[in-house]
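So this block is upload29.pdb, PDB, C-alpha atoms and all ligand atoms:
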```
MODEL        1
ATOM      1  CA  MET K   1     135.927 170.951 151.000  1.00  0.00           C
ATOM      2  CA  ARG K   2     135.466 173.075 147.941  1.00  0.00           C
ATOM      3  CA  ARG K   3     137.996 175.786 147.313  1.00  0.00           C
ATOM      4  CA  ARG K   4     136.558 179.223 147.098  1.00  0.00           C
ATOM      5  CA  ARG K   5     137.360 180.831 143.791  1.00  0.00           C
ATOM      6  CA  PRO K   6     138.174 184.528 143.517  1.00  0.00           C
ATOM      7  CA  LEU K   7     135.371 186.654 142.071  1.00  0.00           C
ATOM      8  CA  ARG K   8     135.691 187.457 138.408  1.00  0.00           C
ATOM      9  CA  PRO K   9     135.988 191.165 137.608  1.00  0.00           C
ATOM     10  CA  LEU K  10     132.666 191.247 135.703  1.00  0.00           C
ATOM     11  CA  ARG K  11     130.840 189.863 138.718  1.00  0.00           C
ATOM     12  CA  ARG K  12     132.523 192.333 140.993  1.00  0.00           C
ATOM     13  CA  LEU K  13     131.394 195.121 138.679  1.00  0.00           C
ATOM     14  CA  PHE K  14     127.739 194.103 138.961  1.00  0.00           C
ATOM     15  CA  GLY K  15     127.800 192.956 142.568  1.00  0.00           C
ATOM     16  CA  ALA K  16     126.973 189.417 143.568  1.00  0.00           C
ATOM     17  CA  PRO K  17     125.705 187.339 140.643  1.00  0.00           C
ATOM     18  CA  PRO K  18     121.990 186.579 140.971  1.00  0.00           C
ATOM     19  CA  ARG K  19     121.223 183.060 142.071  1.00  0.00           C
ATOM     20  CA  VAL K  20     119.704 181.290 139.092  1.00  0.00           C
ATOM     21  CA  PRO K  21     116.952 178.956 140.280  1.00  0.00           C
ATOM     22  CA  PRO K  22     117.641 175.396 139.073  1.00  0.00           C
ATOM     23  CA  ALA K  23     113.915 175.135 138.244  1.00  0.00           C
ATOM     24  CA  LEU K  24     114.338 177.965 135.725  1.00  0.00           C
ATOM     25  CA  ARG K  25     117.270 176.243 134.045  1.00  0.00           C
ATOM     26  CA  ARG K  26     115.255 173.013 133.875  1.00  0.00           C
ATOM     27  CA  ALA K  27     112.206 174.790 132.457  1.00  0.00           C
ATOM     28  CA  ASN K  28     114.281 176.379 129.696  1.00  0.00           C
ATOM     29  CA  ALA K  29     115.921 173.035 128.959  1.00  0.00           C
ATOM     30  CA  TRP K  30     112.481 171.386 128.647  1.00  0.00           C
ATOM     31  CA  MET K  31     111.383 174.111 126.243  1.00  0.00           C
ATOM     32  CA  ALA K  32     114.485 173.571 124.128  1.00  0.00           C
ATOM     33  CA  ALA K  33     113.868 169.803 124.134  1.00  0.00           C
ATOM     34  CA  GLY K  34     110.211 170.156 123.123  1.00  0.00           C
ATOM     35  CA  GLU K  35     108.910 168.971 126.530  1.00  0.00           C
ATOM     36  CA  TYR K  36     106.313 171.723 126.533  1.00  0.00           C
ATOM     37  CA  LEU K  37     103.932 170.430 129.209  1.00  0.00           C
ATOM     38  CA  ALA K  38     106.704 169.963 131.761  1.00  0.00           C
ATOM     39  CA  ALA K  39     108.082 173.379 130.818  1.00  0.00           C
ATOM     40  CA  ALA K  40     104.640 175.005 131.143  1.00  0.00           C
ATOM     41  CA  GLU K  41     104.093 173.648 134.647  1.00  0.00           C
ATOM     42  CA  ALA K  42     107.562 174.737 135.731  1.00  0.00           C
ATOM     43  CA  PHE K  43     107.147 178.254 134.287  1.00  0.00           C
ATOM     44  CA  GLU K  44     103.749 178.578 135.968  1.00  0.00           C
ATOM     45  CA  ARG K  45     105.271 177.769 139.366  1.00  0.00           C
ATOM     46  CA  LEU K  46     108.163 180.175 138.737  1.00  0.00           C
ATOM     47  CA  ALA K  47     105.794 182.911 137.556  1.00  0.00           C
ATOM     48  CA  ARG K  48     103.564 182.613 140.624  1.00  0.00           C
ATOM     49  CA  GLY K  49     106.600 182.704 142.897  1.00  0.00           C
ATOM     50  CA  ALA K  50     108.002 185.767 141.132  1.00  0.00           C
ATOM     51  CA  GLU K  51     104.612 187.487 141.295  1.00  0.00           C
ATOM     52  CA  THR K  52     104.323 186.865 145.040  1.00  0.00           C
ATOM     53  CA  ARG K  53     107.769 188.379 145.511  1.00  0.00           C
ATOM     54  CA  ARG K  54     106.921 191.229 143.088  1.00  0.00           C
ATOM     55  CA  LEU K  55     109.952 190.505 140.920  1.00  0.00           C
ATOM     56  CA  PRO K  56     110.226 192.316 137.560  1.00  0.00           C
ATOM     57  CA  ARG K  57     110.638 188.925 135.850  1.00  0.00           C
ATOM     58  CA  ALA K  58     107.088 187.820 136.746  1.00  0.00           C
ATOM     59  CA  PRO K  59     105.371 189.005 133.520  1.00  0.00           C
ATOM     60  CA  HIS K  60     108.129 187.453 131.406  1.00  0.00           C
ATOM     61  CA  LEU K  61     107.689 184.114 133.160  1.00  0.00           C
ATOM     62  CA  TYR K  62     103.899 184.210 132.599  1.00  0.00           C
ATOM     63  CA  LEU K  63     104.552 184.888 128.913  1.00  0.00           C
ATOM     64  CA  ARG K  64     106.930 181.910 128.758  1.00  0.00           C
ATOM     65  CA  ALA K  65     104.335 179.748 130.522  1.00  0.00           C
ATOM     66  CA  GLY K  66     101.767 180.850 127.949  1.00  0.00           C
ATOM     67  CA  GLN K  67     104.100 180.090 125.054  1.00  0.00           C
ATOM     68  CA  ALA K  68     104.776 176.625 126.507  1.00  0.00           C
ATOM     69  CA  ARG K  69     101.036 175.861 126.920  1.00  0.00           C
ATOM     70  CA  ILE K  70     100.354 176.929 123.340  1.00  0.00           C
ATOM     71  CA  LEU K  71     103.218 174.813 122.029  1.00  0.00           C
ATOM     72  CA  ALA K  72     101.743 171.920 124.034  1.00  0.00           C
ATOM     73  CA  GLY K  73      98.460 172.453 122.180  1.00  0.00           C
ATOM     74  CA  GLU K  74      96.630 174.012 125.147  1.00  0.00           C
ATOM     75  CA  THR K  75      95.774 177.278 123.465  1.00  0.00           C
ATOM     76  CA  ALA K  76      93.082 178.599 125.833  1.00  0.00           C
ATOM     77  CA  GLN K  77      95.229 178.187 128.921  1.00  0.00           C
ATOM     78  CA  GLY K  78      98.237 179.621 127.089  1.00  0.00           C
ATOM     79  CA  MET K  79      96.282 182.682 126.047  1.00  0.00           C
ATOM     80  CA  GLU K  80      95.254 183.274 129.671  1.00  0.00           C
ATOM     81  CA  HIS K  81      98.897 183.372 130.754  1.00  0.00           C
ATOM     82  CA  ILE K  82      99.898 185.598 127.845  1.00  0.00           C
ATOM     83  CA  ARG K  83      97.112 188.037 128.528  1.00  0.00           C
ATOM     84  CA  TYR K  84      98.000 188.053 132.223  1.00  0.00           C
ATOM     85  CA  GLY K  85     101.680 188.714 131.498  1.00  0.00           C
ATOM     86  CA  LEU K  86     100.845 191.581 129.135  1.00  0.00           C
ATOM     87  CA  GLU K  87      98.424 193.043 131.693  1.00  0.00           C
ATOM     88  CA  MET K  88     101.193 193.004 134.293  1.00  0.00           C
ATOM     89  CA  LEU K  89     103.411 195.044 131.963  1.00  0.00           C
ATOM     90  CA  ALA K  90     100.533 197.479 131.428  1.00  0.00           C
ATOM     91  CA  ALA K  91      99.838 197.751 135.170  1.00  0.00           C
ATOM     92  CA  ARG K  92     103.483 198.706 135.661  1.00  0.00           C
ATOM     93  CA  GLY K  93     103.319 201.280 132.883  1.00  0.00           C
ATOM     94  CA  GLN K  94     106.020 199.462 130.907  1.00  0.00           C
ATOM     95  CA  TRP K  95     104.703 200.729 127.568  1.00  0.00           C
ATOM     96  CA  PRO K  96     107.744 200.195 125.325  1.00  0.00           C
ATOM     97  CA  ALA K  97     108.052 196.633 126.669  1.00  0.00           C
ATOM     98  CA  LEU K  98     104.338 196.017 126.182  1.00  0.00           C
ATOM     99  CA  HIS K  99     104.564 197.351 122.633  1.00  0.00           C
ATOM    100  CA  ARG K 100     107.577 195.269 121.616  1.00  0.00           C
ATOM    101  CA  ILE K 101     106.603 192.052 123.383  1.00  0.00           C
ATOM    102  CA  GLY K 102     102.969 192.412 122.341  1.00  0.00           C
ATOM    103  CA  ARG K 103     103.941 192.773 118.678  1.00  0.00           C
ATOM    104  CA  ARG K 104     106.133 189.680 118.927  1.00  0.00           C
ATOM    105  CA  VAL K 105     103.323 187.674 120.531  1.00  0.00           C
ATOM    106  CA  VAL K 106     100.954 188.690 117.702  1.00  0.00           C
ATOM    107  CA  ARG K 107     103.552 187.655 115.121  1.00  0.00           C
ATOM    108  CA  GLU K 108     104.183 184.301 116.796  1.00  0.00           C
ATOM    109  CA  LEU K 109     100.467 183.521 117.116  1.00  0.00           C
ATOM    110  CA  ASN K 110      99.908 184.324 113.435  1.00  0.00           C
ATOM    111  CA  GLU K 111     102.857 182.112 112.495  1.00  0.00           C
ATOM    112  CA  ARG K 112     101.205 179.234 114.340  1.00  0.00           C
ATOM    113  CA  GLY K 113      97.953 179.856 112.484  1.00  0.00           C
ATOM    114  CA  LEU K 114      96.228 181.157 115.619  1.00  0.00           C
ATOM    115  CA  ASN K 115      94.837 184.179 113.807  1.00  0.00           C
ATOM    116  CA  ALA K 116      91.807 184.763 116.049  1.00  0.00           C
ATOM    117  CA  GLU K 117      94.058 184.711 119.121  1.00  0.00           C
ATOM    118  CA  ALA K 118      96.514 187.068 117.429  1.00  0.00           C
ATOM    119  CA  GLN K 119      93.628 189.416 116.684  1.00  0.00           C
ATOM    120  CA  GLN K 120      92.560 189.389 120.358  1.00  0.00           C
ATOM    121  CA  ILE K 121      96.028 190.500 121.436  1.00  0.00           C
ATOM    122  CA  GLU K 122      96.157 193.071 118.638  1.00  0.00           C
ATOM    123  CA  THR K 123      92.875 194.563 119.871  1.00  0.00           C
ATOM    124  CA  TYR K 124      94.086 194.505 123.464  1.00  0.00           C
ATOM    125  CA  LEU K 125      97.239 196.408 122.478  1.00  0.00           C
ATOM    126  CA  GLU K 126      95.270 198.997 120.514  1.00  0.00           C
ATOM    127  CA  GLU K 127      92.970 199.595 123.484  1.00  0.00           C
ATOM    128  CA  THR K 128      95.709 199.620 126.091  1.00  0.00           C
ATOM    129  CA  LEU K 129      98.820 201.286 124.682  1.00  0.00           C
ATOM    130  CA  PRO K 130      98.923 205.059 125.092  1.00  0.00           C
ATOM    131  CA  GLU K 131      99.197 207.134 121.937  1.00  0.00           C
ATOM    132  CA  MET K 132     102.851 207.387 120.943  1.00  0.00           C
ATOM    133  CA  PRO K 133     103.941 210.656 119.350  1.00  0.00           C
ATOM    134  CA  ALA K 134     104.871 210.057 115.718  1.00  0.00           C
ATOM    135  CA  GLY K 135     108.505 209.189 115.238  1.00  0.00           C
ATOM    136  CA  THR K 136     109.076 208.081 118.839  1.00  0.00           C
ATOM    137  CA  PRO K 137     111.709 205.391 118.644  1.00  0.00           C
ATOM    138  CA  MET K 138     110.224 202.354 120.376  1.00  0.00           C
ATOM    139  CA  SER K 139     113.519 200.624 120.929  1.00  0.00           C
ATOM    140  CA  ALA K 140     116.726 201.903 122.383  1.00  0.00           C
ATOM    141  CA  ALA K 141     119.483 202.915 119.995  1.00  0.00           C
ATOM    142  CA  ARG K 142     120.855 199.943 118.130  1.00  0.00           C
ATOM    143  CA  ARG K 143     123.680 198.380 120.061  1.00  0.00           C
ATOM    144  CA  LYS K 144     126.821 197.571 118.220  1.00  0.00           C
ATOM    145  CA  VAL K 145     127.276 194.246 119.954  1.00  0.00           C
ATOM    146  CA  THR K 146     125.773 190.850 119.285  1.00  0.00           C
ATOM    147  CA  LEU K 147     124.229 189.016 122.193  1.00  0.00           C
ATOM    148  CA  PRO K 148     124.203 185.240 122.472  1.00  0.00           C
ATOM    149  CA  THR K 149     120.785 183.873 121.481  1.00  0.00           C
ATOM    150  CA  HIS K 150     120.308 182.359 124.929  1.00  0.00           C
ATOM    151  CA  CYS K 151     121.303 183.401 128.443  1.00  0.00           C
ATOM    152  CA  PRO K 152     124.376 181.397 129.485  1.00  0.00           C
ATOM    153  CA  ALA K 153     123.147 181.327 133.096  1.00  0.00           C
ATOM    154  CA  CYS K 154     119.535 180.117 132.732  1.00  0.00           C
ATOM    155  CA  GLY K 155     119.096 179.185 129.060  1.00  0.00           C
ATOM    156  CA  GLY K 156     116.276 181.674 128.423  1.00  0.00           C
ATOM    157  CA  PRO K 157     116.043 183.434 125.040  1.00  0.00           C
ATOM    158  CA  LEU K 158     117.738 186.835 124.728  1.00  0.00           C
ATOM    159  CA  ARG K 159     116.105 189.290 122.332  1.00  0.00           C
ATOM    160  CA  PRO K 160     118.225 192.390 121.733  1.00  0.00           C
ATOM    161  CA  ASP K 161     115.193 194.643 121.255  1.00  0.00           C
ATOM    162  CA  GLU K 162     113.464 193.376 124.415  1.00  0.00           C
ATOM    163  CA  VAL K 163     116.219 193.098 127.007  1.00  0.00           C
ATOM    164  CA  GLU K 164     117.200 195.850 129.412  1.00  0.00           C
ATOM    165  CA  TRP K 165     120.653 197.173 128.587  1.00  0.00           C
ATOM    166  CA  LEU K 166     122.874 197.838 131.583  1.00  0.00           C
ATOM    167  CA  ASP K 167     125.470 199.567 129.426  1.00  0.00           C
ATOM    168  CA  ASP K 168     126.465 199.615 125.746  1.00  0.00           C
ATOM    169  CA  VAL K 169     127.631 196.019 125.711  1.00  0.00           C
ATOM    170  CA  THR K 170     125.833 194.359 128.607  1.00  0.00           C
ATOM    171  CA  ALA K 171     122.196 193.274 128.715  1.00  0.00           C
ATOM    172  CA  GLU K 172     120.203 191.862 131.601  1.00  0.00           C
ATOM    173  CA  CYS K 173     118.420 188.542 131.161  1.00  0.00           C
ATOM    174  CA  ALA K 174     114.671 189.102 131.689  1.00  0.00           C
ATOM    175  CA  TYR K 175     114.253 185.670 133.266  1.00  0.00           C
ATOM    176  CA  CYS K 176     117.116 185.380 135.765  1.00  0.00           C
ATOM    177  CA  GLY K 177     118.578 188.882 135.957  1.00  0.00           C
ATOM    178  CA  SER K 178     122.078 187.794 134.953  1.00  0.00           C
ATOM    179  CA  PRO K 179     124.194 190.343 133.114  1.00  0.00           C
ATOM    180  CA  VAL K 180     125.121 189.026 129.658  1.00  0.00           C
ATOM    181  CA  ARG K 181     127.877 190.621 127.639  1.00  0.00           C
ATOM    182  CA  GLY K 182     127.624 190.930 123.898  1.00  0.00           C
ATOM    183  CA  GLU K 183     130.546 190.736 121.507  1.00  0.00           C
TER     184      GLU K 183
HETATM  185 ZN    ZN K 201     118.984 184.153 132.316  1.00  0.00          ZN
ENDMDL
END
```

In structure tokens, what does this structure look like?
Amino acid sequence: MRRRRPLRPLRRLFGAPPRVPPALRRANAWMAAGEYLAAAEAFERLARGAETRRLPRAPHLYLRAGQARILAGETAQGMEHIRYGLEMLAARGQWPALHRIGRRVVRELNERGLNAEAQQIETYLEETLPEMPAGTPMSAARRKVTLPTHCPACGGPLRPDEVEWLDDVTAECAYCGSPVRGE
């Protein structure tokens, strides 16, 4: 018999902690270990499941699947996932997210020497993003805290300018929904 531990105050504050799927933790671990094909297949399954259940993490999981395929050398399939993930953000009207994540994808593709693919995404963003009034800040006010580079619950990357902030010091992991406190 396992003893039930009392809830920690942080968890009580945010309600029950989300259940982190073991498959998500494994997929992130494969990515970190350079096992890109295994990671890609796992992210694809997770993305399809999240899409069926209409979870907000679905586009982020497609983008991870795409990144894994590209790192595995399967560029065409990776680009399909990336495009699909970006289109999901657009369909939901998540313009600031599409802008920030889209720019990062373009940068990463260029860094890998995939300039034609980067150009495709660049064109897609230009055609899709609504006109932003000049001077509109695209990211929320700079937070004064530093987040860990990876989510302690699922191992996914945490990017301060892409995560949803729950309050001034707490961000929500895009992949598992766990609240992560900065320091
Ligand atoms: Zn997470």

Original post:
Within 12 Å of Glu126 of chain K, counting only C-alpha atoms, which residues qualify if same-chain residues fewer than 4 places away don't, as a list of chain:residue names?
Top reply: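 Non-adjacent residues within range: K:Trp95, K:Leu98, K:His99, K:Gly102, K:Arg103, K:Gln119, K:Gln120, K:Ile121, K:Glu122, K:Pro130, K:Glu131, K:Met132.
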
**OP:** Using the chain letters and residue numbers of this document, give as a VMD selection string the residues selected by the PyMOL selection byres (((chain K and resi 25) around 12) and not hetatm).
**Re:** chain K and resid 19 to 24 26 to 32 39 42 to 43 46 150 to 157 175 to 176

Original post:
Pick the closest to Arg159 of chain K from K:Arg92, K:His81, K:Arg48, K:Arg100: which is it, counting all atoms listed in the file?
Top reply: K:Arg100

**OP:** Pick out the residues sitting within 9 Å of Ala118 of chain K, and hand them over as a ChimeraX atom specification; count all atoms listed in the file, and ignore anything fewer than 3 positions along from it in its own chain.
**Re:** /K:105-110,113-115,121-123

Original post:
So how far away is atom CA of Pro59 of chain K from atom CA of Ala91 of chain K, in Å?
Top reply: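 So the two atoms, atom CA of Ala91 of chain K and atom CA of Pro59 of chain K, lie 10.5 Å apart.
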
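Between ligand ZN 201 (chain K) and the candidates K:Ala68, K:Val180, K:Ala58, K:Val169, the tightest atom-to-atom separation, counting only C-alpha atoms and all ligand atoms, involves K:Val180.
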
**OP:** For the file shown, report as a PyMOL selection string the outcome of the PyMOL selection byres (((chain K and resi 162) around 12) and not hetatm) at residue level.
**Re:** chain K and resi 60+94-104+138-140+142+147+157-161+163-165+171-175

**OP:** Measuring atom to atom with all atoms listed in the file, identify which of K:Arg53, K:Arg181, K:Arg45, K:Arg69 is nearest to ligand ZN 201 (chain K).
**Re:**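 Comparing K:Arg53, K:Arg181, K:Arg45, K:Arg69 against ligand ZN 201 (chain K), the winner is K:Arg181.
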
Original post:
Do you have the atom CA of Ile70 of chain K-atom CA of Thr146 of chain K distance handy?
Top reply: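 Spanning atom CA of Ile70 of chain K to atom CA of Thr146 of chain K is a straight-line distance of 29.3 Å.
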
Subject >> Two-atom distance - atom CA of Glu87 of chain K, atom CA of Leu125 of chain K (Å) >> reply: 9.9 Å

**OP:** Point out the residue among K:Gly182, K:Met88, K:Glu35, K:Arg57 with the least atom-to-atom distance to ligand ZN 201 (chain K), counting all atoms listed in the file.
**Re:**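 The closest residue to ligand ZN 201 (chain K) is K:Arg57.
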
**OP:** Just the residues within 8 Å of Glu44 of chain K, please, counting all atoms listed in the file, with nothing from its chain fewer than 5 positions along; format it as a ChimeraX atom specification.
**Re:** /K:61-62,65

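For the residues K:Glu111, K:Glu183, K:Glu51, K:Glu41, ranking by smallest atom-to-atom distance to Ala72 of chain K using only C-alpha atoms places K:Glu41 first.
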
Subject >> Ground truth for the PyMOL selection byres (((chain K and resi 168) around 8) and not hetatm), written as a list of chain:residue names >> reply: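 Here the PyMOL selection byres (((chain K and resi 168) around 8) and not hetatm) matches K:Arg143, K:Lys144, K:Val145, K:Trp165, K:Leu166, K:Asp167, K:Val169, K:Thr170.
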
Any chance you could export segment 163-181 of chain K with N, CA and C atoms, as an mmCIF file, in the first residue's frame?
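Contents of out10.cif, freshly written:
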```cif
data_model
loop_
_atom_site.group_PDB
_atom_site.id
_atom_site.type_symbol
_atom_site.label_atom_id
_atom_site.label_comp_id
_atom_site.auth_asym_id
_atom_site.auth_seq_id
_atom_site.Cartn_x
_atom_site.Cartn_y
_atom_site.Cartn_z
ATOM 1 N N VAL K 163 5.574 30.534 -24.169
ATOM 2 C CA VAL K 163 4.664 29.900 -23.211
ATOM 3 C C VAL K 163 3.540 30.851 -22.821
ATOM 4 N N GLU K 164 2.452 30.267 -22.321
ATOM 5 C CA GLU K 164 1.390 31.047 -21.699
ATOM 6 C C GLU K 164 1.797 31.297 -20.256
ATOM 7 N N TRP K 165 1.682 32.550 -19.826
ATOM 8 C CA TRP K 165 1.995 32.859 -18.427
ATOM 9 C C TRP K 165 0.720 32.861 -17.617
ATOM 10 N N LEU K 166 0.734 32.100 -16.521
ATOM 11 C CA LEU K 166 -0.444 32.017 -15.653
ATOM 12 C C LEU K 166 -0.452 33.174 -14.667
ATOM 13 N N ASP K 167 0.729 33.590 -14.254
ATOM 14 C CA ASP K 167 0.898 34.808 -13.463
ATOM 15 C C ASP K 167 2.327 35.291 -13.711
ATOM 16 N N ASP K 168 2.800 36.242 -12.905
ATOM 17 C CA ASP K 168 4.104 36.852 -13.190
ATOM 18 C C ASP K 168 5.271 35.884 -13.103
ATOM 19 N N VAL K 169 5.109 34.807 -12.360
ATOM 20 C CA VAL K 169 6.243 33.907 -12.169
ATOM 21 C C VAL K 169 5.977 32.480 -12.653
ATOM 22 N N THR K 170 4.753 32.221 -13.102
ATOM 23 C CA THR K 170 4.395 30.847 -13.433
ATOM 24 C C THR K 170 3.953 30.739 -14.889
ATOM 25 N N ALA K 171 4.582 29.839 -15.621
ATOM 26 C CA ALA K 171 4.226 29.599 -17.014
ATOM 27 C C ALA K 171 3.605 28.218 -17.144
ATOM 28 N N GLU K 172 2.847 28.035 -18.226
ATOM 29 C CA GLU K 172 2.221 26.740 -18.463
ATOM 30 C C GLU K 172 2.948 26.038 -19.604
ATOM 31 N N CYS K 173 3.354 24.793 -19.354
ATOM 32 C CA CYS K 173 4.021 24.022 -20.403
ATOM 33 C C CYS K 173 3.048 23.785 -21.561
ATOM 34 N N ALA K 174 3.494 24.077 -22.793
ATOM 35 C CA ALA K 174 2.615 23.941 -23.962
ATOM 36 C C ALA K 174 2.330 22.483 -24.298
ATOM 37 N N TYR K 175 3.169 21.571 -23.780
ATOM 38 C CA TYR K 175 3.046 20.172 -24.181
ATOM 39 C C TYR K 175 2.242 19.349 -23.189
ATOM 40 N N CYS K 176 2.355 19.657 -21.883
ATOM 41 C CA CYS K 176 1.639 18.829 -20.904
ATOM 42 C C CYS K 176 0.718 19.653 -20.019
ATOM 43 N N GLY K 177 0.795 20.971 -20.110
ATOM 44 C CA GLY K 177 -0.109 21.807 -19.319
ATOM 45 C C GLY K 177 0.318 22.013 -17.878
ATOM 46 N N SER K 178 1.486 21.494 -17.500
ATOM 47 C CA SER K 178 1.927 21.671 -16.114
ATOM 48 C C SER K 178 2.325 23.119 -15.853
ATOM 49 N N PRO K 179 1.973 23.636 -14.680
ATOM 50 C CA PRO K 179 2.485 24.954 -14.307
ATOM 51 C C PRO K 179 3.957 24.843 -13.909
ATOM 52 N N VAL K 180 4.777 25.741 -14.417
ATOM 53 C CA VAL K 180 6.215 25.719 -14.102
ATOM 54 C C VAL K 180 6.583 27.079 -13.535
ATOM 55 N N ARG K 181 7.160 27.069 -12.360
ATOM 56 C CA ARG K 181 7.541 28.335 -11.733
ATOM 57 C C ARG K 181 8.955 28.745 -12.122
#
```
